[in-house]
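**Q** The file below is work13.cif, mmCIF, C-alpha atoms:
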data_run
loop_
_atom_site.group_PDB
_atom_site.id
_atom_site.type_symbol
_atom_site.label_atom_id
_atom_site.label_comp_id
_atom_site.auth_asym_id
_atom_site.auth_seq_id
_atom_site.Cartn_x
_atom_site.Cartn_y
_atom_site.Cartn_z
ATOM 1 C CA MET A 53 -23.316 -41.741 -10.173
ATOM 2 C CA GLY A 54 -25.775 -39.918 -7.912
ATOM 3 C CA THR A 55 -25.847 -36.353 -6.666
ATOM 4 C CA ILE A 56 -22.344 -34.953 -6.268
ATOM 5 C CA VAL A 57 -21.023 -34.412 -2.733
ATOM 6 C CA LEU A 58 -18.072 -32.017 -2.613
ATOM 7 C CA SER A 59 -15.184 -31.852 -0.180
ATOM 8 C CA GLY A 60 -15.428 -29.071 2.400
ATOM 9 C CA ARG A 61 -12.920 -26.981 0.467
ATOM 10 C CA MET A 62 -14.686 -27.252 -2.879
ATOM 11 C CA GLN A 63 -18.106 -26.828 -1.260
ATOM 12 C CA ALA A 64 -16.907 -23.500 0.133
ATOM 13 C CA VAL A 65 -15.744 -22.469 -3.338
ATOM 14 C CA ALA A 66 -19.115 -23.383 -4.862
ATOM 15 C CA ASP A 67 -20.917 -21.453 -2.110
ATOM 16 C CA LEU A 68 -19.243 -18.222 -3.276
ATOM 17 C CA VAL A 69 -20.858 -18.360 -6.729
ATOM 18 C CA THR A 70 -23.773 -15.956 -7.183
ATOM 19 C CA HIS A 71 -26.981 -17.862 -7.928
ATOM 20 C CA GLY A 72 -28.074 -17.637 -11.542
ATOM 21 C CA SER A 73 -24.569 -17.040 -12.898
ATOM 22 C CA ARG A 74 -23.207 -18.880 -15.889
ATOM 23 C CA VAL A 75 -19.835 -20.199 -14.785
ATOM 24 C CA CYS A 76 -16.457 -20.811 -16.373
ATOM 25 C CA ASP A 77 -14.453 -23.252 -14.232
ATOM 26 C CA VAL A 78 -10.753 -22.975 -15.144
ATOM 27 C CA GLY A 79 -8.768 -25.972 -13.950
ATOM 28 C CA CYS A 80 -11.982 -27.957 -13.526
ATOM 29 C CA ASP A 81 -10.114 -31.221 -12.767
ATOM 30 C CA HIS A 82 -12.752 -34.014 -12.778
ATOM 31 C CA GLY A 83 -15.668 -31.602 -13.108
ATOM 32 C CA PHE A 84 -17.326 -32.180 -9.753
ATOM 33 C CA VAL A 85 -17.804 -28.485 -8.901
ATOM 34 C CA SER A 86 -19.285 -27.862 -12.354
ATOM 35 C CA ILE A 87 -21.736 -30.736 -11.901
ATOM 36 C CA TYR A 88 -22.648 -29.627 -8.379
ATOM 37 C CA LEU A 89 -23.437 -26.080 -9.536
ATOM 38 C CA VAL A 90 -25.851 -27.336 -12.185
ATOM 39 C CA GLN A 91 -27.409 -30.108 -10.069
ATOM 40 C CA HIS A 92 -28.235 -27.616 -7.309
ATOM 41 C CA LYS A 93 -29.512 -25.031 -9.800
ATOM 42 C CA ILE A 94 -26.913 -22.493 -8.709
ATOM 43 C CA SER A 95 -25.814 -22.114 -12.309
ATOM 44 C CA PRO A 96 -27.875 -22.600 -15.484
ATOM 45 C CA GLY A 97 -24.783 -23.710 -17.368
ATOM 46 C CA VAL A 98 -21.049 -24.277 -16.873
ATOM 47 C CA LEU A 99 -18.033 -24.249 -19.159
ATOM 48 C CA ALA A 100 -15.550 -26.670 -17.562
ATOM 49 C CA MET A 101 -11.993 -26.151 -18.834
ATOM 50 C CA ASP A 102 -8.646 -27.745 -18.061
ATOM 51 C CA VAL A 103 -5.207 -27.739 -19.673
ATOM 52 C CA ARG A 104 -4.766 -31.475 -19.024
ATOM 53 C CA GLU A 105 -6.438 -33.962 -21.331
ATOM 54 C CA GLY A 106 -6.727 -36.743 -18.717
ATOM 55 C CA PRO A 107 -8.749 -34.850 -16.090
ATOM 56 C CA LEU A 108 -10.832 -33.188 -18.798
ATOM 57 C CA ARG A 109 -11.687 -36.582 -20.277
ATOM 58 C CA ALA A 110 -12.726 -37.762 -16.799
ATOM 59 C CA ALA A 111 -14.823 -34.595 -16.356
ATOM 60 C CA LYS A 112 -16.587 -35.250 -19.658
ATOM 61 C CA GLU A 113 -17.369 -38.823 -18.594
ATOM 62 C CA HIS A 114 -18.754 -37.630 -15.256
ATOM 63 C CA VAL A 115 -20.924 -35.046 -17.015
ATOM 64 C CA GLN A 116 -22.244 -37.735 -19.363
ATOM 65 C CA ASP A 117 -22.934 -40.085 -16.446
ATOM 66 C CA GLN A 118 -25.145 -37.369 -14.967
ATOM 67 C CA GLY A 119 -26.876 -36.653 -18.280
ATOM 68 C CA LEU A 120 -25.813 -33.008 -18.152
ATOM 69 C CA GLU A 121 -24.125 -32.660 -21.549
ATOM 70 C CA GLU A 122 -26.560 -29.927 -22.611
ATOM 71 C CA LEU A 123 -25.758 -27.809 -19.562
ATOM 72 C CA ILE A 124 -22.025 -28.442 -19.044
ATOM 73 C CA GLU A 125 -19.493 -28.105 -21.841
ATOM 74 C CA THR A 126 -15.956 -29.424 -21.377
ATOM 75 C CA ARG A 127 -13.173 -27.677 -23.275
ATOM 76 C CA LEU A 128 -9.401 -28.097 -23.444
ATOM 77 C CA SER A 129 -7.775 -24.761 -22.626
ATOM 78 C CA ASP A 130 -4.601 -23.354 -21.120
ATOM 79 C CA GLY A 131 -6.106 -20.851 -18.714
ATOM 80 C CA LEU A 132 -8.565 -18.612 -20.563
ATOM 81 C CA HIS A 133 -6.972 -18.981 -24.022
ATOM 82 C CA ASN A 134 -9.936 -20.907 -25.467
ATOM 83 C CA TYR A 135 -12.616 -18.950 -23.616
ATOM 84 C CA ASN A 136 -14.738 -16.439 -25.532
ATOM 85 C CA ILE A 137 -15.935 -13.251 -23.860
ATOM 86 C CA GLY A 138 -19.608 -13.439 -22.935
ATOM 87 C CA GLU A 139 -19.790 -17.193 -22.403
ATOM 88 C CA ALA A 140 -19.979 -16.877 -18.602
ATOM 89 C CA ASP A 141 -20.662 -14.427 -15.772
ATOM 90 C CA SER A 142 -18.482 -15.977 -13.059
ATOM 91 C CA LEU A 143 -14.944 -17.326 -13.196
ATOM 92 C CA ILE A 144 -13.814 -20.078 -10.827
ATOM 93 C CA CYS A 145 -10.096 -20.616 -10.452
ATOM 94 C CA ALA A 146 -9.146 -22.870 -7.540
ATOM 95 C CA GLY A 147 -6.524 -25.295 -6.315
ATOM 96 C CA MET A 148 -3.315 -23.802 -7.716
ATOM 97 C CA GLY A 149 -0.488 -21.560 -6.557
ATOM 98 C CA GLY A 150 -1.062 -17.830 -6.327
ATOM 99 C CA LYS A 151 1.507 -16.882 -8.969
ATOM 100 C CA LEU A 152 0.189 -19.404 -11.484
ATOM 101 C CA MET A 153 -3.351 -18.201 -10.825
ATOM 102 C CA MET A 154 -2.364 -14.579 -11.323
ATOM 103 C CA ARG A 155 -0.594 -15.487 -14.562
ATOM 104 C CA ILE A 156 -3.834 -17.045 -15.812
ATOM 105 C CA LEU A 157 -5.809 -13.940 -14.847
ATOM 106 C CA LEU A 158 -3.386 -11.486 -16.454
ATOM 107 C CA GLU A 159 -2.484 -13.376 -19.637
ATOM 108 C CA GLN A 160 -6.007 -12.789 -20.922
ATOM 109 C CA LYS A 161 -6.788 -9.616 -18.950
ATOM 110 C CA GLU A 162 -9.599 -8.463 -21.244
ATOM 111 C CA LYS A 163 -11.328 -11.806 -20.788
ATOM 112 C CA THR A 164 -10.774 -11.781 -17.020
ATOM 113 C CA ASP A 165 -12.227 -8.271 -16.743
ATOM 114 C CA SER A 166 -15.342 -9.361 -18.641
ATOM 115 C CA PHE A 167 -16.539 -11.562 -15.753
ATOM 116 C CA ARG A 168 -18.889 -10.104 -13.135
ATOM 117 C CA GLU A 169 -17.069 -11.954 -10.359
ATOM 118 C CA LEU A 170 -13.959 -14.011 -9.756
ATOM 119 C CA ILE A 171 -14.127 -16.960 -7.350
ATOM 120 C CA LEU A 172 -10.514 -17.628 -6.373
ATOM 121 C CA GLN A 173 -8.797 -20.109 -4.093
ATOM 122 C CA PRO A 174 -5.013 -19.588 -4.320
ATOM 123 C CA GLN A 175 -2.924 -22.069 -2.348
ATOM 124 C CA SER A 176 0.221 -19.970 -1.901
ATOM 125 C CA GLU A 177 1.667 -16.418 -2.057
ATOM 126 C CA LEU A 178 -1.519 -15.106 -0.457
ATOM 127 C CA GLU A 179 -0.244 -11.737 0.733
ATOM 128 C CA TRP A 180 1.249 -11.004 -2.675
ATOM 129 C CA PHE A 181 -1.841 -12.315 -4.447
ATOM 130 C CA ARG A 182 -4.297 -10.115 -2.543
ATOM 131 C CA GLY A 183 -2.120 -7.063 -3.146
ATOM 132 C CA ARG A 184 -1.809 -7.811 -6.842
ATOM 133 C CA LEU A 185 -5.578 -8.265 -7.162
ATOM 134 C CA ARG A 186 -6.027 -4.798 -5.692
ATOM 135 C CA ASP A 187 -3.396 -3.355 -8.047
ATOM 136 C CA GLU A 188 -5.379 -4.795 -10.969
ATOM 137 C CA GLY A 189 -8.514 -2.986 -9.824
ATOM 138 C CA TYR A 190 -10.306 -5.809 -8.012
ATOM 139 C CA TYR A 191 -12.041 -5.651 -4.648
ATOM 140 C CA ILE A 192 -12.444 -8.671 -2.388
ATOM 141 C CA VAL A 193 -16.062 -8.596 -1.253
ATOM 142 C CA GLN A 194 -16.360 -12.023 0.375
ATOM 143 C CA GLU A 195 -13.875 -14.399 1.983
ATOM 144 C CA ASN A 196 -13.929 -17.793 3.614
ATOM 145 C CA MET A 197 -11.342 -20.165 5.057
ATOM 146 C CA ILE A 198 -11.609 -23.922 5.446
ATOM 147 C CA GLU A 199 -9.457 -26.382 7.373
ATOM 148 C CA GLU A 200 -9.379 -29.796 5.746
ATOM 149 C CA ASP A 201 -7.045 -32.707 6.499
ATOM 150 C CA GLY A 202 -4.787 -30.443 8.543
ATOM 151 C CA LYS A 203 -4.420 -27.820 5.804
ATOM 152 C CA PHE A 204 -5.919 -24.339 5.602
ATOM 153 C CA TYR A 205 -7.576 -23.084 2.421
ATOM 154 C CA PRO A 206 -8.575 -19.411 2.073
ATOM 155 C CA MET A 207 -10.850 -18.373 -0.780
ATOM 156 C CA MET A 208 -12.412 -15.145 -1.996
ATOM 157 C CA ARG A 209 -14.930 -13.525 -4.300
ATOM 158 C CA ALA A 210 -13.571 -10.468 -6.112
ATOM 159 C CA VAL A 211 -15.364 -7.885 -8.265
ATOM 160 C CA LYS A 212 -14.557 -4.659 -10.104
ATOM 161 C CA GLU A 213 -17.261 -2.544 -8.457
ATOM 162 C CA LYS A 214 -15.789 -0.704 -5.487
ATOM 163 C CA GLU A 215 -19.234 0.107 -4.060
ATOM 164 C CA GLN A 216 -19.673 -3.583 -3.228
ATOM 165 C CA MET A 217 -16.601 -3.540 -0.982
ATOM 166 C CA PRO A 218 -17.557 -4.046 2.703
ATOM 167 C CA GLU A 219 -16.075 -1.712 5.302
ATOM 168 C CA THR A 220 -12.925 -3.008 6.992
ATOM 169 C CA ALA A 221 -12.124 -0.036 9.199
ATOM 170 C CA GLY A 222 -9.221 -0.429 11.612
ATOM 171 C CA ILE A 223 -7.497 -3.247 9.717
ATOM 172 C CA ASP A 224 -4.264 -2.092 8.142
ATOM 173 C CA ARG A 225 -3.356 -3.170 4.637
ATOM 174 C CA THR A 226 -0.442 -5.396 5.629
ATOM 175 C CA LEU A 227 -2.536 -7.569 7.927
ATOM 176 C CA GLY A 228 -5.454 -7.512 5.507
ATOM 177 C CA ASP A 229 -3.313 -8.751 2.639
ATOM 178 C CA ARG A 230 -1.600 -11.358 4.769
ATOM 179 C CA TYR A 231 -4.610 -12.862 6.526
ATOM 180 C CA GLY A 232 -7.703 -11.504 4.761
ATOM 181 C CA ALA A 233 -9.331 -8.285 5.949
ATOM 182 C CA LEU A 234 -12.835 -9.757 5.884
ATOM 183 C CA LEU A 235 -11.721 -12.917 7.692
ATOM 184 C CA LEU A 236 -10.225 -10.715 10.408
ATOM 185 C CA GLN A 237 -13.271 -8.454 10.588
ATOM 186 C CA ASN A 238 -15.688 -11.375 10.751
ATOM 187 C CA LYS A 239 -13.538 -13.137 13.381
ATOM 188 C CA SER A 240 -13.272 -16.339 11.386
ATOM 189 C CA GLU A 241 -12.808 -19.262 13.770
ATOM 190 C CA VAL A 242 -10.764 -21.115 11.158
ATOM 191 C CA LEU A 243 -8.452 -18.117 10.748
ATOM 192 C CA GLN A 244 -8.072 -17.983 14.531
ATOM 193 C CA SER A 245 -6.983 -21.637 14.520
ATOM 194 C CA TYR A 246 -4.519 -20.871 11.731
ATOM 195 C CA LEU A 247 -3.091 -17.883 13.612
ATOM 196 C CA HIS A 248 -2.673 -19.869 16.822
ATOM 197 C CA ARG A 249 -0.817 -22.543 14.868
ATOM 198 C CA GLU A 250 1.432 -19.926 13.275
ATOM 199 C CA GLU A 251 2.047 -18.386 16.697
ATOM 200 C CA ARG A 252 3.259 -21.740 18.058
ATOM 201 C CA ILE A 253 5.469 -22.344 15.025
ATOM 202 C CA TYR A 254 7.171 -18.945 15.274
ATOM 203 C CA GLN A 255 7.729 -19.345 19.015
ATOM 204 C CA GLU A 256 9.267 -22.796 18.559
ATOM 205 C CA ILE A 257 11.593 -21.564 15.819
ATOM 206 C CA MET A 258 12.710 -18.621 17.958
ATOM 207 C CA GLN A 259 13.377 -20.886 20.944
ATOM 208 C CA SER A 260 15.428 -23.227 18.761
ATOM 209 C CA LEU A 261 17.459 -20.365 17.307
ATOM 210 C CA ALA A 262 18.068 -18.863 20.755
ATOM 211 C CA LYS A 263 19.455 -22.185 21.997
ATOM 212 C CA GLN A 264 21.852 -22.322 19.050
ATOM 213 C CA GLY A 265 23.027 -18.783 19.757
ATOM 214 C CA LEU A 266 22.451 -15.644 17.744
ATOM 215 C CA GLU A 267 26.046 -14.648 17.109
ATOM 216 C CA GLU A 268 25.894 -15.921 13.526
ATOM 217 C CA LYS A 269 24.266 -13.321 11.259
ATOM 218 C CA ALA A 270 22.019 -15.789 9.421
ATOM 219 C CA ARG A 271 20.526 -17.075 12.674
ATOM 220 C CA LYS A 272 20.113 -13.554 14.041
ATOM 221 C CA ASP A 273 18.355 -12.416 10.848
ATOM 222 C CA ARG A 274 16.087 -15.469 10.966
ATOM 223 C CA PHE A 275 15.257 -14.790 14.638
ATOM 224 C CA GLN A 276 14.319 -11.182 13.852
ATOM 225 C CA GLU A 277 12.181 -12.317 10.923
ATOM 226 C CA MET A 278 10.282 -14.688 13.248
ATOM 227 C CA GLN A 279 9.878 -11.852 15.762
ATOM 228 C CA ARG A 280 8.233 -9.684 13.099
ATOM 229 C CA LYS A 281 5.942 -12.491 11.959
ATOM 230 C CA LEU A 282 4.996 -13.326 15.532
ATOM 231 C CA ALA A 283 4.182 -9.664 16.200
ATOM 232 C CA ASP A 284 1.906 -9.541 13.140
ATOM 233 C CA THR A 285 0.205 -12.764 14.193
ATOM 234 C CA GLU A 286 -0.431 -11.398 17.671
ATOM 235 C CA ARG A 287 -1.781 -8.129 16.212
ATOM 236 C CA ALA A 288 -4.173 -10.139 14.052
ATOM 237 C CA LEU A 289 -5.352 -12.171 17.043
ATOM 238 C CA GLU A 290 -5.962 -8.945 19.001
ATOM 239 C CA ILE A 291 -8.222 -7.664 16.197
ATOM 240 C CA MET A 292 -10.302 -10.828 16.501
ATOM 241 C CA GLN A 293 -10.858 -10.602 20.264
#
Just give me the structure of the file as structure tokens.
**A**
Amino acid sequence: MGTIVLSGRMQAVADLVTHGSRVCDVGCDHGFVSIYLVQHKISPGVLAMDVREGPLRAAKEHVQDQGLEELIETRLSDGLHNYNIGEADSLICAGMGGKLMMRILLEQKEKTDSFRELILQPQSELEWFRGRLRDEGYYIVQENMIEEDGKFYPMMRAVKEKEQMPETAGIDRTLGDRYGALLLQNKSEVLQSYLHREERIYQEIMQSLAKQGLEEKARKDRFQEMQRKLADTERALEIMQ
């Protein structure tokens, strides 16, 4: 096996890691991000952990194929349960639902808080997830969004130090939590594509409901919900003009 080439989504996750950081990769799957970080000298060492024995075994084999056993340790762990404070500077947690990810972060809160940065790529419940991160005292200081195979993947780097938080003046909290304040501020082209897609979806649903008639309460409530979502989407697009 030669030098690892990551998918666009996982490359974007790796790009968020601060150079020189020791990394703990929770849910490492087959270990490709861990190997990439060491091969490209982004990280001097990685602890690759997964709750599933099969993927972890594959990760260990890939690490051995690359001759990186001294720099990458594989460890069976449910979330951070088998992690020891001080073993890493950066936490990567990617490719799982927002609520599962937050459970992992909060189950071992002392361990989570010991990292200098969290590199997170939740795949669902994004508005809730961003709000909960803030409630737990974290600040999102960097965001990216990737479109791959027709799907959109937002990701973020979060820290405890408020002074690192970039200014996001003029972006209200609701839109920031829903779409990513930094993505809006930086006029992310991928986010714009996502918003235009959402705009079309909401319009099509509203047209369909209108044709069916809005006398029934459930359809009327659904129509009004789509109206609110469409309005938020249009507000977000205005910010990015």
**Q** Kindly indicate which residue among A:Val65, A:Val98, A:Ile257, A:Leu178 lies nearest to Gly150 of chain A, using only C-alpha atoms for the distances.
**A**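 That would be A:Leu178, the residue with the smallest distance to Gly150 of chain A.
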**Q** Taking only C-alpha atoms into account, which of A:Arg274, A:Leu227, A:Gly119, A:Tyr190 comes nearest Glu290 of chain A?
**A**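 When distances to Glu290 of chain A are compared using only C-alpha atoms, the smallest one comes from A:Leu227.
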**Q** Using all atoms listed in the file, which of the listed residues (A:Asp117, A:Glu105, A:Asp229, A:Glu159) sits closest to Gly131 of chain A?
**A** A:Glu159
**Q** Taking into account all atoms listed in the file, which residue in the set A:Tyr246, A:Phe275, A:Trp180, A:Phe167 is nearest to Gly202 of chain A?
**A**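 Residue with the minimum atom-to-atom distance to Gly202 of chain A: A:Tyr246.
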**Q** What is the atom CA of Thr226 of chain A to atom CA of Ser166 of chain A distance in Å?
**A** 28.8 Å
**Q** Skipping near chain neighbours, those fewer than 5 positions away, what residues fall within 9 Å of segment 205-208 of chain A using all atoms listed in the file, listed as a list in words?
**A**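 The residues satisfying every condition are Arg61, Ala64, Val65, Leu68, Ala146, Leu170, Ile171, Leu172, Gln173, Pro174, Gln175, Leu178, Ile192, Val193, Gln194, Glu195, Asn196, Met197, Ile198, Glu199, Glu200, Tyr231, Gly232 and Leu243 of chain A.
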**Q** Quick one: write out the picked residues with C-alpha atoms as a PDB file, in the coordinates of the input?
**A**
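Once everything was written out, this is again_21.pdb:
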ATOM      1  CA  ARG A  61     -12.920 -26.981   0.467  1.00  0.00           C
ATOM      2  CA  ALA A  64     -16.907 -23.500   0.133  1.00  0.00           C
ATOM      3  CA  VAL A  65     -15.744 -22.469  -3.338  1.00  0.00           C
ATOM      4  CA  LEU A  68     -19.243 -18.222  -3.276  1.00  0.00           C
ATOM      5  CA  ALA A 146      -9.146 -22.870  -7.540  1.00  0.00           C
ATOM      6  CA  LEU A 170     -13.959 -14.011  -9.756  1.00  0.00           C
ATOM      7  CA  ILE A 171     -14.127 -16.960  -7.350  1.00  0.00           C
ATOM      8  CA  LEU A 172     -10.514 -17.628  -6.373  1.00  0.00           C
ATOM      9  CA  GLN A 173      -8.797 -20.109  -4.093  1.00  0.00           C
ATOM     10  CA  PRO A 174      -5.013 -19.588  -4.320  1.00  0.00           C
ATOM     11  CA  GLN A 175      -2.924 -22.069  -2.348  1.00  0.00           C
ATOM     12  CA  LEU A 178      -1.519 -15.106  -0.457  1.00  0.00           C
ATOM     13  CA  ILE A 192     -12.444  -8.671  -2.388  1.00  0.00           C
ATOM     14  CA  VAL A 193     -16.062  -8.596  -1.253  1.00  0.00           C
ATOM     15  CA  GLN A 194     -16.360 -12.023   0.375  1.00  0.00           C
ATOM     16  CA  GLU A 195     -13.875 -14.399   1.983  1.00  0.00           C
ATOM     17  CA  ASN A 196     -13.929 -17.793   3.614  1.00  0.00           C
ATOM     18  CA  MET A 197     -11.342 -20.165   5.057  1.00  0.00           C
ATOM     19  CA  ILE A 198     -11.609 -23.922   5.446  1.00  0.00           C
ATOM     20  CA  GLU A 199      -9.457 -26.382   7.373  1.00  0.00           C
ATOM     21  CA  GLU A 200      -9.379 -29.796   5.746  1.00  0.00           C
ATOM     22  CA  TYR A 231      -4.610 -12.862   6.526  1.00  0.00           C
ATOM     23  CA  GLY A 232      -7.703 -11.504   4.761  1.00  0.00           C
ATOM     24  CA  LEU A 243      -8.452 -18.117  10.748  1.00  0.00           C
TER      25      LEU A 243
END
**Q** With the file shown as input, list the residues that the PyMOL selection byres ((chain A and resi 141) around 10) selects, as a ChimeraX atom specification.
**A** /A:69-70,72-76,95,98,137-140,142-143,166-170
**Q** Would you output that residue set with C-alpha atoms, as a PDB file, in the coordinates of the input?
**A**
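Now in out-v3.pdb:
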ATOM      1  CA  VAL A  69     -20.858 -18.360  -6.729  1.00  0.00           C
ATOM      2  CA  THR A  70     -23.773 -15.956  -7.183  1.00  0.00           C
ATOM      3  CA  GLY A  72     -28.074 -17.637 -11.542  1.00  0.00           C
ATOM      4  CA  SER A  73     -24.569 -17.040 -12.898  1.00  0.00           C
ATOM      5  CA  ARG A  74     -23.207 -18.880 -15.889  1.00  0.00           C
ATOM      6  CA  VAL A  75     -19.835 -20.199 -14.785  1.00  0.00           C
ATOM      7  CA  CYS A  76     -16.457 -20.811 -16.373  1.00  0.00           C
ATOM      8  CA  SER A  95     -25.814 -22.114 -12.309  1.00  0.00           C
ATOM      9  CA  VAL A  98     -21.049 -24.277 -16.873  1.00  0.00           C
ATOM     10  CA  ILE A 137     -15.935 -13.251 -23.860  1.00  0.00           C
ATOM     11  CA  GLY A 138     -19.608 -13.439 -22.935  1.00  0.00           C
ATOM     12  CA  GLU A 139     -19.790 -17.193 -22.403  1.00  0.00           C
ATOM     13  CA  ALA A 140     -19.979 -16.877 -18.602  1.00  0.00           C
ATOM     14  CA  SER A 142     -18.482 -15.977 -13.059  1.00  0.00           C
ATOM     15  CA  LEU A 143     -14.944 -17.326 -13.196  1.00  0.00           C
ATOM     16  CA  SER A 166     -15.342  -9.361 -18.641  1.00  0.00           C
ATOM     17  CA  PHE A 167     -16.539 -11.562 -15.753  1.00  0.00           C
ATOM     18  CA  ARG A 168     -18.889 -10.104 -13.135  1.00  0.00           C
ATOM     19  CA  GLU A 169     -17.069 -11.954 -10.359  1.00  0.00           C
ATOM     20  CA  LEU A 170     -13.959 -14.011  -9.756  1.00  0.00           C
TER      21      LEU A 170
END
**Q** Glu125 of chain A: which residues within 12 Å, counting all atoms listed in the file, same-chain residues fewer than 2 positions away excluded, as a PDB file with C-alpha atoms, in the coordinates of the input?
**A**
ATOM      1  CA  ARG A  74     -23.207 -18.880 -15.889  1.00  0.00           C
ATOM      2  CA  VAL A  75     -19.835 -20.199 -14.785  1.00  0.00           C
ATOM      3  CA  CYS A  76     -16.457 -20.811 -16.373  1.00  0.00           C
ATOM      4  CA  ASP A  77     -14.453 -23.252 -14.232  1.00  0.00           C
ATOM      5  CA  CYS A  80     -11.982 -27.957 -13.526  1.00  0.00           C
ATOM      6  CA  GLY A  83     -15.668 -31.602 -13.108  1.00  0.00           C
ATOM      7  CA  SER A  86     -19.285 -27.862 -12.354  1.00  0.00           C
ATOM      8  CA  ILE A  87     -21.736 -30.736 -11.901  1.00  0.00           C
ATOM      9  CA  VAL A  90     -25.851 -27.336 -12.185  1.00  0.00           C
ATOM     10  CA  PRO A  96     -27.875 -22.600 -15.484  1.00  0.00           C
ATOM     11  CA  GLY A  97     -24.783 -23.710 -17.368  1.00  0.00           C
ATOM     12  CA  VAL A  98     -21.049 -24.277 -16.873  1.00  0.00           C
ATOM     13  CA  LEU A  99     -18.033 -24.249 -19.159  1.00  0.00           C
ATOM     14  CA  ALA A 100     -15.550 -26.670 -17.562  1.00  0.00           C
ATOM     15  CA  MET A 101     -11.993 -26.151 -18.834  1.00  0.00           C
ATOM     16  CA  ASP A 102      -8.646 -27.745 -18.061  1.00  0.00           C
ATOM     17  CA  LEU A 108     -10.832 -33.188 -18.798  1.00  0.00           C
ATOM     18  CA  ARG A 109     -11.687 -36.582 -20.277  1.00  0.00           C
ATOM     19  CA  ALA A 111     -14.823 -34.595 -16.356  1.00  0.00           C
ATOM     20  CA  LYS A 112     -16.587 -35.250 -19.658  1.00  0.00           C
ATOM     21  CA  GLU A 113     -17.369 -38.823 -18.594  1.00  0.00           C
ATOM     22  CA  HIS A 114     -18.754 -37.630 -15.256  1.00  0.00           C
ATOM     23  CA  VAL A 115     -20.924 -35.046 -17.015  1.00  0.00           C
ATOM     24  CA  GLN A 116     -22.244 -37.735 -19.363  1.00  0.00           C
ATOM     25  CA  GLY A 119     -26.876 -36.653 -18.280  1.00  0.00           C
ATOM     26  CA  LEU A 120     -25.813 -33.008 -18.152  1.00  0.00           C
ATOM     27  CA  GLU A 121     -24.125 -32.660 -21.549  1.00  0.00           C
ATOM     28  CA  GLU A 122     -26.560 -29.927 -22.611  1.00  0.00           C
ATOM     29  CA  LEU A 123     -25.758 -27.809 -19.562  1.00  0.00           C
ATOM     30  CA  ARG A 127     -13.173 -27.677 -23.275  1.00  0.00           C
ATOM     31  CA  LEU A 128      -9.401 -28.097 -23.444  1.00  0.00           C
ATOM     32  CA  TYR A 135     -12.616 -18.950 -23.616  1.00  0.00           C
ATOM     33  CA  GLU A 139     -19.790 -17.193 -22.403  1.00  0.00           C
ATOM     34  CA  ALA A 140     -19.979 -16.877 -18.602  1.00  0.00           C
TER      35      ALA A 140
END
**Q** Check the smallest atom-to-atom distance from each of A:Asp224, A:Glu241, A:Glu188, A:Glu251 to Gln293 of chain A using only C-alpha atoms, then report the winner.
**A** A:Glu241
**Q** To one decimal in Å, tell me the separation between atom CA of Phe84 of chain A and atom CA of Asn136 of chain A.
**A** 22.4 Å
**Q** Counting only C-alpha atoms, I want the residues whose atoms come within 9 Å of (-6.5, -32.7, -9.7) in the file frame, returned as a PDB file with C-alpha atoms, in the frame of the given file.
**A**
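Contents of the output file result34.pdb:
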ATOM      1  CA  GLY A  79      -8.768 -25.972 -13.950  1.00  0.00           C
ATOM      2  CA  CYS A  80     -11.982 -27.957 -13.526  1.00  0.00           C
ATOM      3  CA  ASP A  81     -10.114 -31.221 -12.767  1.00  0.00           C
ATOM      4  CA  HIS A  82     -12.752 -34.014 -12.778  1.00  0.00           C
ATOM      5  CA  PRO A 107      -8.749 -34.850 -16.090  1.00  0.00           C
ATOM      6  CA  GLY A 147      -6.524 -25.295  -6.315  1.00  0.00           C
TER       7      GLY A 147
END
**Q** Enter the distance from atom CA of Leu236 of chain A to atom CA of Arg155 of chain A, in Å, rounded to one decimal.
**A**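 Between atom CA of Leu236 of chain A and atom CA of Arg155 of chain A the gap works out to 27.2 Å.
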**Q** On this file, the PyMOL selection byres ((chain A and resi 57) around 10) gives some set of residues; write that set as a list of chain:residue names.
**A**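 When the PyMOL selection byres ((chain A and resi 57) around 10) is applied to the shown file, the picked residues are A:Gly54, A:Thr55, A:Ile56, A:Leu58, A:Ser59, A:Gly60, A:Met62, A:Gln63, A:Phe84, A:Val85, A:Ile87, A:Tyr88.
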**Q** Quick check on the file I pasted: which residues fall under the PyMOL selection byres ((chain A and resi 279-285) around 8)? Write them as a ChimeraX atom specification.
**A** /A:227,247,250-251,254-255,258,275-278,286-289
**Q** Given the choices A:Gln237, A:Ser260, A:Gln244, A:Thr126, which gets closest to Ala110 of chain A if the distance is worked out from all atoms listed in the file?
**A** A:Thr126
